[in-house]
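upload-v8.cif (mmCIF, C-alpha atoms and all ligand atoms)
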```cif
data_query
loop_
_atom_site.label_atom_id
_atom_site.label_comp_id
_atom_site.auth_asym_id
_atom_site.auth_seq_id
_atom_site.Cartn_x
_atom_site.Cartn_y
_atom_site.Cartn_z
CA MET H 16 27.16 -20.53 3.26
CA LYS H 17 23.95 -22.09 2.03
CA PHE H 18 20.57 -20.53 2.75
CA ASN H 19 17.01 -21.56 2.10
CA LYS H 20 17.08 -22.28 -1.66
CA PHE H 21 13.90 -20.26 -2.20
CA LEU H 22 15.85 -17.08 -1.49
CA ASP H 23 17.77 -17.44 -4.77
CA ASP H 24 14.67 -16.40 -6.63
CA ILE H 25 13.92 -13.26 -4.57
CA LYS H 26 14.77 -9.72 -5.60
CA VAL H 27 15.21 -7.46 -2.57
CA TYR H 28 12.39 -4.93 -2.14
CA GLU H 29 13.50 -1.55 -3.33
CA ALA H 30 12.25 1.10 -0.89
CA GLY H 31 11.81 4.72 -1.93
CA LYS H 32 15.09 6.63 -1.71
CA PRO H 33 15.48 8.63 1.51
CA ILE H 34 16.07 12.39 1.51
CA GLU H 35 19.52 11.91 3.13
CA LEU H 36 20.73 9.88 0.13
CA VAL H 37 19.84 12.59 -2.37
CA VAL H 38 21.60 15.18 -0.21
CA ARG H 39 24.71 13.00 0.04
CA GLU H 40 24.90 11.78 -3.55
CA PHE H 41 23.70 14.78 -5.53
CA GLY H 42 24.60 17.64 -3.21
CA VAL H 43 21.02 18.97 -3.15
CA LYS H 44 20.20 21.05 -0.05
CA PRO H 45 17.90 19.10 2.30
CA GLU H 46 15.27 21.87 2.13
CA ASP H 47 15.21 21.55 -1.68
CA VAL H 48 14.55 17.83 -1.72
CA VAL H 49 10.98 16.86 -2.61
CA LYS H 50 10.14 13.28 -1.75
CA LEU H 51 7.14 12.03 -3.70
CA ALA H 52 8.12 8.39 -3.85
CA SER H 53 6.58 6.46 -0.96
CA ASN H 54 2.96 7.66 -0.77
CA GLU H 55 3.60 9.23 2.61
CA ASN H 56 1.23 11.88 3.90
CA PRO H 57 2.62 15.24 2.71
CA ILE H 58 0.89 17.22 5.47
CA GLY H 59 3.35 15.74 7.95
CA THR H 60 2.87 14.23 11.39
CA ASN H 61 -0.45 15.00 12.99
CA PRO H 62 0.54 17.41 15.85
CA ALA H 63 -1.81 15.69 18.30
CA VAL H 64 -0.05 12.39 17.54
CA ALA H 65 3.42 13.90 17.93
CA LYS H 66 2.38 15.15 21.37
CA VAL H 67 1.18 11.72 22.48
CA ILE H 68 4.42 10.12 21.28
CA CYS H 69 6.44 12.55 23.43
CA LYS H 70 4.13 12.03 26.38
CA ASN H 71 4.81 8.28 26.25
CA ALA H 72 8.58 8.62 25.93
CA ASP H 73 9.21 7.81 29.60
CA LYS H 74 7.56 4.39 29.27
CA ALA H 75 10.23 3.05 26.94
CA HIS H 76 11.59 0.64 29.57
CA LEU H 77 8.28 -1.24 29.76
CA TYR H 78 7.02 -3.77 27.25
CA PRO H 79 3.90 -2.52 25.46
CA ASP H 80 0.39 -3.84 26.19
CA ASP H 81 0.51 -7.03 24.16
CA SER H 82 -3.28 -7.36 24.14
CA MET H 83 -3.39 -3.97 22.33
CA TYR H 84 -6.70 -3.53 24.05
CA ALA H 85 -7.15 0.21 23.50
CA LEU H 86 -6.17 0.20 19.82
CA LYS H 87 -8.36 -2.81 19.09
CA ALA H 88 -11.31 -1.21 20.86
CA SER H 89 -10.88 1.92 18.83
CA LEU H 90 -10.59 0.05 15.50
CA ALA H 91 -13.51 -2.20 16.43
CA SER H 92 -15.72 0.81 16.96
CA ARG H 93 -14.47 2.58 13.82
CA PHE H 94 -15.30 -0.39 11.61
CA GLY H 95 -18.23 -1.90 13.51
CA VAL H 96 -16.46 -5.24 14.05
CA GLN H 97 -15.56 -7.39 17.06
CA GLU H 98 -12.16 -7.14 18.75
CA THR H 99 -11.75 -10.89 18.16
CA GLU H 100 -11.92 -10.16 14.42
CA LEU H 101 -8.79 -7.98 14.53
CA ILE H 102 -5.04 -8.47 14.45
CA ILE H 103 -2.48 -5.66 14.57
CA GLY H 104 0.79 -5.81 12.65
CA ALA H 105 3.97 -3.76 12.35
CA GLY H 106 2.53 -2.25 9.22
CA SER H 107 -0.01 -4.27 7.25
CA ASP H 108 3.15 -5.65 5.69
CA GLN H 109 3.69 -7.80 8.76
CA ILE H 110 0.21 -9.24 8.41
CA LEU H 111 0.97 -10.13 4.79
CA GLU H 112 3.96 -12.03 6.12
CA PHE H 113 1.85 -13.85 8.74
CA LEU H 114 -0.64 -14.78 6.03
CA SER H 115 2.00 -16.26 3.78
CA ARG H 116 3.59 -18.30 6.52
CA ALA H 117 0.24 -19.47 7.88
CA LYS H 118 -1.24 -20.52 4.55
CA LEU H 119 1.57 -21.36 2.13
CA ARG H 120 4.29 -23.94 1.83
CA GLU H 121 6.44 -25.37 -0.96
CA ASN H 122 4.34 -25.82 -4.13
CA SER H 123 1.46 -23.71 -2.88
CA SER H 124 0.49 -20.92 -5.25
CA VAL H 125 -0.77 -17.38 -5.14
CA LEU H 126 -2.59 -15.23 -7.68
CA MET H 127 -2.28 -11.49 -8.14
CA SER H 128 -2.59 -8.80 -10.77
CA LYS H 129 0.21 -8.29 -13.30
CA VAL H 130 1.42 -5.11 -11.60
CA THR H 131 0.74 -4.88 -7.88
CA PHE H 132 2.32 -4.53 -4.43
CA ALA H 133 5.76 -6.14 -4.59
CA MET H 134 5.67 -7.72 -1.13
CA TYR H 135 2.98 -10.27 -2.06
CA GLU H 136 5.46 -12.00 -4.34
CA ILE H 137 8.38 -11.74 -1.93
CA TYR H 138 6.49 -13.28 1.01
CA ALA H 139 5.13 -16.03 -1.24
CA LYS H 140 8.55 -16.90 -2.62
CA GLN H 141 10.14 -17.01 0.84
CA VAL H 142 8.12 -20.14 1.56
CA GLY H 143 8.54 -21.64 -1.90
CA ALA H 144 5.10 -20.82 -3.29
CA LYS H 145 4.51 -20.25 -6.99
CA VAL H 146 3.35 -16.86 -8.19
CA PHE H 147 0.71 -16.48 -10.91
CA ARG H 148 -0.21 -13.11 -12.36
CA THR H 149 -3.12 -12.00 -14.51
CA ALA H 150 -2.45 -10.61 -17.98
CA SER H 151 -3.67 -7.07 -17.21
CA TYR H 152 -2.52 -4.69 -14.55
CA GLU H 153 -6.15 -3.80 -13.80
CA HIS H 154 -7.97 -6.31 -11.63
CA ARG H 155 -10.28 -7.88 -14.18
CA VAL H 156 -12.92 -10.25 -12.89
CA ASP H 157 -12.80 -12.57 -15.93
CA GLU H 158 -9.02 -12.94 -15.74
CA PHE H 159 -9.09 -13.64 -12.00
CA ILE H 160 -11.87 -16.19 -12.29
CA ASN H 161 -10.23 -17.99 -15.25
CA MET H 162 -6.92 -18.23 -13.46
CA MET H 163 -8.53 -19.34 -10.21
CA GLU H 164 -10.22 -22.18 -12.08
CA LYS H 165 -6.99 -23.11 -13.82
CA TYR H 166 -4.55 -22.96 -10.89
CA SER H 167 -6.62 -23.17 -7.66
CA PRO H 168 -4.33 -20.71 -5.88
CA ASP H 169 -4.05 -20.85 -2.08
CA ILE H 170 -4.09 -17.07 -1.78
CA VAL H 171 -5.66 -14.48 -4.10
CA TYR H 172 -4.52 -10.88 -3.61
CA ILE H 173 -6.90 -8.06 -4.47
CA CYS H 174 -5.14 -4.75 -3.97
CA THR H 175 -7.75 -2.04 -4.20
CA PRO H 176 -6.94 0.70 -4.86
CA ASN H 177 -3.91 -0.92 -6.43
CA ASN H 178 -0.32 0.16 -5.75
CA PRO H 179 1.68 1.14 -7.87
CA THR H 180 -0.96 1.80 -10.57
CA GLY H 181 -3.58 3.76 -8.58
CA ASP H 182 -6.66 2.22 -10.20
CA ALA H 183 -9.33 0.41 -8.23
CA ILE H 184 -11.84 -2.38 -8.63
CA SER H 185 -15.47 -1.84 -7.69
CA LYS H 186 -17.06 -3.47 -4.69
CA LYS H 187 -19.38 -5.41 -6.99
CA ASP H 188 -16.42 -6.86 -8.92
CA VAL H 189 -14.55 -7.73 -5.73
CA PHE H 190 -17.60 -9.68 -4.58
CA SER H 191 -17.78 -11.46 -7.96
CA ILE H 192 -14.20 -12.66 -7.49
CA ILE H 193 -14.81 -13.68 -3.88
CA ASN H 194 -17.99 -15.53 -4.81
CA ALA H 195 -16.05 -17.56 -7.38
CA THR H 196 -13.47 -18.79 -4.84
CA ASN H 197 -13.73 -22.00 -2.92
CA GLU H 198 -13.54 -22.03 0.87
CA GLU H 199 -9.89 -23.17 0.85
CA THR H 200 -8.70 -20.12 -1.09
CA LEU H 201 -7.76 -17.21 1.13
CA VAL H 202 -8.69 -13.86 -0.41
CA VAL H 203 -6.70 -10.85 0.78
CA VAL H 204 -8.35 -7.49 0.17
CA ASP H 205 -5.57 -4.96 0.67
CA GLY H 206 -7.19 -1.59 1.35
CA ALA H 207 -4.06 0.45 2.13
CA TYR H 208 -5.54 3.40 0.16
CA MET H 209 -9.23 2.69 0.81
CA GLU H 210 -9.81 6.04 2.55
CA TYR H 211 -9.01 7.83 -0.72
CA ALA H 212 -11.19 5.55 -2.86
CA ALA H 213 -14.10 5.85 -0.43
CA ALA H 214 -13.93 9.63 -0.65
CA LYS H 215 -13.85 9.55 -4.44
CA ASP H 216 -16.57 7.06 -5.28
CA GLU H 217 -18.74 5.03 -2.92
CA LYS H 218 -18.92 2.17 -5.48
CA TYR H 219 -15.25 1.48 -4.77
CA HIS H 220 -15.59 1.63 -1.00
CA ILE H 221 -15.08 -1.78 0.54
CA GLU H 222 -15.78 -1.86 4.24
CA PRO H 223 -14.22 -4.52 6.44
CA LYS H 224 -17.61 -5.59 7.76
CA ASP H 225 -18.72 -6.33 4.17
CA ILE H 226 -16.07 -9.00 3.86
CA LEU H 227 -16.78 -10.59 7.24
CA LYS H 228 -19.71 -12.34 5.58
CA PHE H 229 -17.12 -14.59 3.93
CA ASP H 230 -15.09 -17.05 6.00
CA ASN H 231 -12.17 -17.06 3.56
CA VAL H 232 -11.50 -13.32 3.23
CA ILE H 233 -9.30 -10.91 5.17
CA TYR H 234 -9.28 -7.12 4.87
CA LEU H 235 -6.01 -5.25 5.47
CA GLY H 236 -5.68 -1.60 6.41
CA THR H 237 -2.85 0.65 7.50
CA PHE H 238 -2.07 3.84 9.39
CA SER H 239 0.81 4.57 7.00
CA LYS H 240 -1.01 6.49 4.28
CA ALA H 241 -4.10 8.67 4.97
CA TYR H 242 -3.42 8.57 8.72
CA GLY H 243 0.13 9.79 8.22
CA LEU H 244 2.01 7.28 10.40
CA GLY H 245 4.36 5.54 7.96
CA GLY H 246 7.24 5.81 10.42
CA MET H 247 5.32 4.20 13.30
CA ARG H 248 4.56 0.93 11.45
CA VAL H 249 0.98 0.07 12.37
CA GLY H 250 -1.46 -1.89 10.22
CA TYR H 251 -4.38 -4.22 10.87
CA GLY H 252 -6.17 -7.24 9.52
CA ILE H 253 -9.91 -7.84 9.89
CA ALA H 254 -11.37 -11.31 9.32
CA GLY H 255 -13.44 -14.05 10.88
CA LYS H 256 -12.09 -15.67 14.01
CA THR H 257 -10.67 -18.77 12.26
CA ILE H 258 -8.30 -16.70 10.14
CA ILE H 259 -7.37 -14.37 13.00
CA ASP H 260 -6.61 -17.35 15.29
CA ALA H 261 -4.26 -18.82 12.67
CA LEU H 262 -2.45 -15.50 12.24
CA TYR H 263 -2.00 -15.15 16.00
CA LYS H 264 0.14 -18.30 15.89
CA MET H 265 2.56 -16.45 13.61
CA ARG H 266 2.75 -13.24 15.62
CA PRO H 267 5.78 -12.54 17.82
CA PRO H 268 4.93 -10.97 21.19
CA PHE H 269 5.10 -7.19 21.50
CA ASN H 270 5.17 -6.70 17.71
CA ILE H 271 3.94 -3.10 18.06
CA SER H 272 6.02 -0.68 20.12
CA SER H 273 4.36 1.30 22.91
CA LEU H 274 4.96 4.57 21.06
CA SER H 275 3.37 3.19 17.89
CA LEU H 276 0.34 1.94 19.82
CA ALA H 277 -0.14 5.32 21.47
CA ALA H 278 0.28 7.09 18.13
CA ALA H 279 -2.26 4.89 16.32
CA ILE H 280 -4.85 5.25 19.10
CA GLU H 281 -4.53 9.02 18.91
CA ALA H 282 -4.57 9.07 15.09
CA ASN H 283 -7.76 7.02 15.09
CA LYS H 284 -9.53 9.77 17.06
CA ASP H 285 -8.71 12.50 14.59
CA ASP H 286 -11.07 12.34 11.63
CA ALA H 287 -10.35 15.97 10.78
CA PHE H 288 -6.71 15.19 9.98
CA VAL H 289 -7.69 12.37 7.64
CA LYS H 290 -10.31 14.55 5.94
CA LYS H 291 -7.73 17.28 5.48
CA SER H 292 -5.27 14.80 3.94
CA ILE H 293 -7.87 13.51 1.51
CA TYR H 294 -8.97 17.03 0.63
CA LEU H 295 -5.42 18.14 -0.14
CA CYS H 296 -4.95 15.14 -2.40
CA LYS H 297 -8.24 15.74 -4.21
CA GLU H 298 -7.40 19.38 -4.78
CA GLN H 299 -3.84 18.74 -5.98
CA ILE H 300 -4.32 15.61 -8.09
CA VAL H 301 -6.36 17.67 -10.56
CA ARG H 302 -3.17 19.58 -11.38
CA TYR H 303 -1.43 16.31 -12.32
CA GLU H 304 -4.33 15.30 -14.53
CA SER H 305 -4.42 18.66 -16.36
CA PHE H 306 -0.65 18.67 -16.70
CA ALA H 307 -0.78 15.25 -18.35
CA ARG H 308 -3.51 16.32 -20.77
CA GLU H 309 -1.66 19.52 -21.67
CA HIS H 310 1.54 17.60 -22.39
CA GLY H 311 -0.05 14.66 -24.16
CA LEU H 312 0.90 12.19 -21.44
CA GLU H 313 -1.15 9.17 -20.53
CA TYR H 314 -2.05 8.60 -16.88
CA ILE H 315 -4.02 6.03 -14.94
CA GLU H 316 -7.12 7.38 -13.23
CA SER H 317 -6.21 7.35 -9.55
CA TYR H 318 -8.20 6.35 -6.46
CA THR H 319 -5.18 6.95 -4.21
CA ASN H 320 -2.76 9.63 -3.01
CA PHE H 321 -0.48 9.08 -6.01
CA ILE H 322 -0.73 9.15 -9.79
CA THR H 323 0.96 7.02 -12.43
CA TYR H 324 2.16 8.62 -15.65
CA LEU H 325 2.62 6.15 -18.52
CA PHE H 326 5.19 7.00 -21.21
CA ASP H 327 5.24 5.97 -24.85
CA GLU H 328 8.42 4.72 -26.61
CA SER H 329 9.63 8.27 -27.20
CA ARG H 330 10.32 8.60 -23.46
CA ASP H 331 12.25 6.56 -20.93
CA ALA H 332 11.10 6.30 -17.31
CA ASN H 333 14.69 5.50 -16.20
CA LYS H 334 16.09 8.67 -17.74
CA ILE H 335 13.25 10.82 -16.49
CA SER H 336 13.49 9.54 -12.90
CA ASP H 337 17.28 9.97 -12.92
CA TYR H 338 16.94 13.54 -14.13
CA LEU H 339 14.41 14.30 -11.40
CA LEU H 340 16.55 12.61 -8.76
CA ASN H 341 19.59 14.69 -9.69
CA LYS H 342 17.52 17.79 -9.03
CA GLY H 343 16.27 16.47 -5.69
CA VAL H 344 12.82 15.31 -6.82
CA ILE H 345 12.29 11.70 -5.76
CA VAL H 346 9.54 9.74 -7.56
CA ARG H 347 9.00 6.03 -8.09
CA ASN H 348 10.36 4.62 -11.32
CA LEU H 349 8.13 1.71 -12.36
CA ALA H 350 10.64 0.19 -14.79
CA SER H 351 11.25 -2.61 -12.25
CA TYR H 352 7.53 -3.47 -12.61
CA LYS H 353 8.09 -3.65 -16.39
CA LEU H 354 6.10 -0.46 -16.93
CA ASN H 355 7.61 2.51 -18.75
CA ALA H 356 6.03 4.78 -16.16
CA ILE H 357 6.60 6.78 -13.00
CA ARG H 358 4.48 6.96 -9.89
CA ILE H 359 4.27 10.31 -8.15
CA THR H 360 2.87 10.79 -4.64
CA ILE H 361 0.60 13.85 -4.57
CA GLY H 362 2.44 16.36 -2.39
CA THR H 363 1.65 19.76 -0.94
CA ALA H 364 1.00 22.61 -3.42
CA LYS H 365 4.60 23.73 -3.02
CA GLN H 366 6.07 20.26 -3.52
CA ASN H 367 3.93 19.77 -6.61
CA ASP H 368 5.05 23.16 -7.99
CA ARG H 369 8.63 21.98 -7.69
CA PHE H 370 7.82 18.64 -9.32
CA PHE H 371 6.23 20.30 -12.36
CA GLU H 372 9.10 22.78 -12.67
CA ILE H 373 11.70 20.00 -12.90
CA PHE H 374 9.49 17.54 -14.75
CA VAL H 375 9.00 20.00 -17.62
CA GLU H 376 12.80 20.14 -17.96
CA ALA H 377 13.02 16.34 -17.77
CA LEU H 378 10.52 15.93 -20.60
CA LYS H 379 12.68 18.02 -22.97
C1 LIG H 401 1.83 0.97 1.87
C2 LIG H 401 1.16 -0.30 1.52
C3 LIG H 401 0.97 -1.35 2.44
C4 LIG H 401 1.46 -1.45 3.82
O1 LIG H 401 2.13 -0.50 4.37
P1 LIG H 401 2.57 -0.62 5.88
O2 LIG H 401 3.33 0.63 6.06
O3 LIG H 401 3.38 -1.87 6.02
O4 LIG H 401 1.30 -0.69 6.68
C5 LIG H 401 0.29 -2.49 2.06
N1 LIG H 401 -0.19 -2.60 0.83
C6 LIG H 401 -0.03 -1.63 -0.07
C7 LIG H 401 -0.61 -1.83 -1.40
C8 LIG H 401 0.65 -0.47 0.23
O5 LIG H 401 0.83 0.46 -0.71
#
```
Could you spell out this file's structure in structure tokens?
Amino acid sequence: MKFNKFLDDIKVYEAGKPIELVVREFGVKPEDVVKLASNENPIGTNPAVAKVICKNADKAHLYPDDSMYALKASLASRFGVQETELIIGAGSDQILEFLSRAKLRENSSVLMSKVTFAMYEIYAKQVGAKVFRTASYEHRVDEFINMMEKYSPDIVYICTPNNPTGDAISKKDVFSIINATNEETLVVVDGAYMEYAAAKDEKYHIEPKDILKFDNVIYLGTFSKAYGLGGMRVGYGIAGKTIIDALYKMRPPFNISSLSLAAAIEANKDDAFVKKSIYLCKEQIVRYESFAREHGLEYIESYTNFITYLFDESRDANKISDYLLNKGVIVRNLASYKLNAIRITIGTAKQNDRFFEIFVEALK
């Protein structure tokens, strides 16, 4: 059977391996598996959120509130924006998909950093758009501006902090890139890990209301990382009304389940949980940095809840990740991004202990 010819050029997104797979394939006991591969919140589900999810269980027969009034009101007040400047997606991933379909068609083009979130490319290719990448994995202003002048891309993706590398681009540099775009270029500022960057260094803190000054920019955020709701699939986009109106034309009705809406509303009330998550990460990431220094490993300075270790030719990220996996430690191998590196989500103290224990063996 023939499908859309653009699909031939798409590699399926490789999600982090689930705990069940490691138990099944390697015979590791479920309680011994340490999953540090998907940047999930290691503290677990916020208990207040779990309670609200249970409380809403008897409303499963009803469609959710499609206006998402309560969640929008709560996000609008958190960010100091208007409800008309918001759209909610099943993860910010779904908003990336809306953006691609709304803005791109065959022979459109997009620009992104050399190593960045894999879904930008997949959504672009689905509609036949060309993908241009900068030469460096860091977001460098000069490279972005040169390539924008050369290719006039329809969408420019700025992932800050960037996944899977963990580095970030300062607010000043983001504005330099935005200021160099023309009004027809849509700039996507993906702030999936912004809570961590904001806590680390205010110069890297981009607030959605900062970008509302520009008519051609959208800010994306998610409940999946610092807010600990990866399994509920809730993300949001914040932009001027023209962009939001276009995205609404792409949105299927009831795209967020009633349980997810209730969970996100509750999560948004609980600043203490987010603070605790950020604090744990701050406290534990130091161990990864010292470990790297002690063992002569290179790492990328992280503004996120994960860290990327870069290996030289004497080591092989494939072999190291396989070794870890066999022992029940799941990390992200970045070989598919053409980096001889692994990305490790910062876990709880106990999870990190286990990682170091096995990683030392893997290095030998
Ligand atoms: C995790 C992540 C997202 C979106 O996650 P959702 O769970 O779909 O909200 C978007 N961008 C980056 C860079 C991410 O790491």
Problem - Protein and nucleic acid residues near (8.2, 1.3, -16.6) (cut-off 10 Å, all atoms listed in the file) as number ranges by chain - result: H: 324-327, 331-333, 347-358
Exercise for the section: Kindly compile the residues surrounding ligand LIG 401 (chain H) within 8 Å, counting all atoms listed in the file, and format them as a count of residues only. Expected result: 32
Practice task
Extract, using only C-alpha atoms, all DNA, RNA and protein residues at most 9 Å from Glu198 of chain H, discarding same-chain residues fewer than 6 positions from it, and format them as a ChimeraX atom specification.
Solution key: /H:229-231
Handout entry: For Tyr138 of chain H, the nearest of the candidates H:Tyr303, H:Leu119, H:Leu90, H:Ile373, counting only C-alpha atoms
Key =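 Closest to Tyr138 of chain H, using only C-alpha atoms: H:Leu119.
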Problem - Exercise: Lys32 of chain H partners within 12 Å, all atoms listed in the file, chain neighbours under 2 positions left out, as a ChimeraX atom specification - result: /H:28-30,34-40,48-53,336-337,340,343-348
Handout entry: atom CA of Ile192 of chain H to atom CA of Phe159 of chain H, straight-line distance in Å
Key = 6.9 Å
Practice task
Considering all atoms listed in the file, return as JSON, numbers by chain whatever protein or nucleic-acid residues lie within 9 Å of Thr180 of chain H, sequence-local ones (same chain, fewer than 3 positions apart) excluded.
Solution key: {"H": [130, 131, 152, 153, 176, 177, 183, 315, 316, 317, 321, 322, 323, 358]}
Practice task
Find the distance between atom CA of Tyr234 of chain H and atom CA of Thr363 of chain H and write it in Å to one decimal.
Solution key: 29.6 Å
Axis-aligned box for all listed atoms of segment 251-270 of chain H, 4 Å per side, centre and edges in Å to one decimal, as JSON:
```
{"center_x": -3.8, "center_y": -11.5, "center_z": 15.4, "size_x": 27.2, "size_y": 22.6, "size_z": 20.2}
```
Exercise for the section: Take atom CA of Lys66 of chain H and atom CA of Leu274 of chain H and report the distance between them in Å, one decimal. Expected result: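 A separation of 10.9 Å between them.
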Handout entry: Which of H:Asn122, H:Leu339, H:Met209, H:Glu46 sits closest to Lys365 of chain H [using all atoms listed in the file]
Key =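 Result for the nearest residue to Lys365 of chain H: H:Glu46.
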Problem - Nearest residue to Asp81 of chain H from the set H:Ile271, H:Ala139, H:Ile170, H:Met134 (distances using all atoms listed in the file) - result: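 For Asp81 of chain H, the nearest of the given residues is H:Ile271.
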Exercise for the section: May I have the protein, DNA and RNA residues with any atom at most 12 Å from the point (-7.4, -1.1, 24.1), counting only C-alpha atoms, written as a list in words? Expected result: Pro79, Asp80, Asp81, Ser82, Met83, Tyr84, Ala85, Leu86, Lys87, Ala88, Ser89, Leu90, Ala91, Ser92, Glu98, Leu101, Ile103, Leu276, Ala277, Ala279, Ile280 and Glu281 of chain H
Output C-alpha atoms for every residue in that selection, as a compact mmCIF listing (two decimals), keeping the file's coordinate frame.
```txt
# COMPACT_ATOMS: atom_id res chain seq x y z
CA PRO H 79 3.90 -2.52 25.46
CA ASP H 80 0.39 -3.84 26.19
CA ASP H 81 0.51 -7.03 24.16
CA SER H 82 -3.28 -7.36 24.14
CA MET H 83 -3.39 -3.97 22.33
CA TYR H 84 -6.70 -3.53 24.05
CA ALA H 85 -7.15 0.21 23.50
CA LEU H 86 -6.17 0.20 19.82
CA LYS H 87 -8.36 -2.81 19.09
CA ALA H 88 -11.31 -1.21 20.86
CA SER H 89 -10.88 1.92 18.83
CA LEU H 90 -10.59 0.05 15.50
CA ALA H 91 -13.51 -2.20 16.43
CA SER H 92 -15.72 0.81 16.96
CA GLU H 98 -12.16 -7.14 18.75
CA LEU H 101 -8.79 -7.98 14.53
CA ILE H 103 -2.48 -5.66 14.57
CA LEU H 276 0.34 1.94 19.82
CA ALA H 277 -0.14 5.32 21.47
CA ALA H 279 -2.26 4.89 16.32
CA ILE H 280 -4.85 5.25 19.10
CA GLU H 281 -4.53 9.02 18.91
```
Problem - Within 8 Å of Gly362 of chain H using all atoms listed in the file, minus same-chain residues under 2 positions, as a PyMOL selection string - result: chain H and resi 51+56-57+296+299+360+364-367
Exercise for the section: Within 12 Å of Met163 of chain H, counting all atoms listed in the file, which residues show up once you throw out same-chain ones fewer than 4 positions away? Write them as a ChimeraX atom specification, please. Expected result: /H:124-127,147-149,156-159,167-172,192-197,199-202
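You can rank H:Ala214, H:Phe41, H:Ile361, H:Lys17 by their closest distance to Tyr338 of chain H using all atoms listed in the file, and at the top of that list sits H:Phe41.
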Practice task
Using all atoms listed in the file, pick whichever of H:Lys379, H:Ile58, H:Ile300, H:Ala75 has the shortest atom-to-atom distance to Ala241 of chain H.
Solution key: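 With all atoms listed in the file as the atom set, the closest residue is H:Ile58.
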Handout entry: Nearest residue to Leu22 of chain H from the set H:Val142, H:Ile233, H:Ala282, H:Met247 (distances using all atoms listed in the file)
Key =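 Nearest candidate to Leu22 of chain H out of H:Val142, H:Ile233, H:Ala282, H:Met247: H:Val142.
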Can you fill out segment 253-257 of chain H with all heavy atoms and hand it back as an mmCIF file, keeping the file's coordinate frame?
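Result file result28.cif:
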```
data_model
loop_
_atom_site.group_PDB
_atom_site.id
_atom_site.type_symbol
_atom_site.label_atom_id
_atom_site.label_comp_id
_atom_site.auth_asym_id
_atom_site.auth_seq_id
_atom_site.Cartn_x
_atom_site.Cartn_y
_atom_site.Cartn_z
ATOM 1 N N ILE H 253 -8.569 -7.591 9.357
ATOM 2 C CA ILE H 253 -9.910 -7.840 9.890
ATOM 3 C C ILE H 253 -10.478 -9.043 9.148
ATOM 4 O O ILE H 253 -10.526 -9.071 7.911
ATOM 5 C CB ILE H 253 -10.817 -6.603 9.695
ATOM 6 C CG1 ILE H 253 -10.188 -5.372 10.371
ATOM 7 C CG2 ILE H 253 -12.226 -6.881 10.247
ATOM 8 C CD1 ILE H 253 -10.946 -4.067 10.187
ATOM 9 N N ALA H 254 -10.849 -10.069 9.925
ATOM 10 C CA ALA H 254 -11.370 -11.310 9.320
ATOM 11 C C ALA H 254 -12.126 -12.084 10.382
ATOM 12 O O ALA H 254 -12.111 -11.722 11.569
ATOM 13 C CB ALA H 254 -10.206 -12.153 8.789
ATOM 14 N N GLY H 255 -12.772 -13.154 9.936
ATOM 15 C CA GLY H 255 -13.440 -14.050 10.880
ATOM 16 C C GLY H 255 -12.416 -14.672 11.825
ATOM 17 O O GLY H 255 -11.212 -14.676 11.569
ATOM 18 N N LYS H 256 -12.938 -15.214 12.926
ATOM 19 C CA LYS H 256 -12.090 -15.670 14.010
ATOM 20 C C LYS H 256 -11.122 -16.796 13.582
ATOM 21 O O LYS H 256 -10.003 -16.858 14.074
ATOM 22 C CB LYS H 256 -12.996 -16.153 15.151
ATOM 23 C CG LYS H 256 -12.274 -16.285 16.469
ATOM 24 C CD LYS H 256 -13.237 -16.550 17.609
ATOM 25 C CE LYS H 256 -12.482 -16.952 18.866
ATOM 26 N NZ LYS H 256 -11.575 -18.120 18.709
ATOM 27 N N THR H 257 -11.542 -17.655 12.668
ATOM 28 C CA THR H 257 -10.670 -18.770 12.260
ATOM 29 C C THR H 257 -9.374 -18.249 11.647
ATOM 30 O O THR H 257 -8.287 -18.761 11.951
ATOM 31 C CB THR H 257 -11.381 -19.657 11.203
ATOM 32 O OG1 THR H 257 -12.752 -19.726 11.534
ATOM 33 C CG2 THR H 257 -10.770 -21.012 11.117
#
```
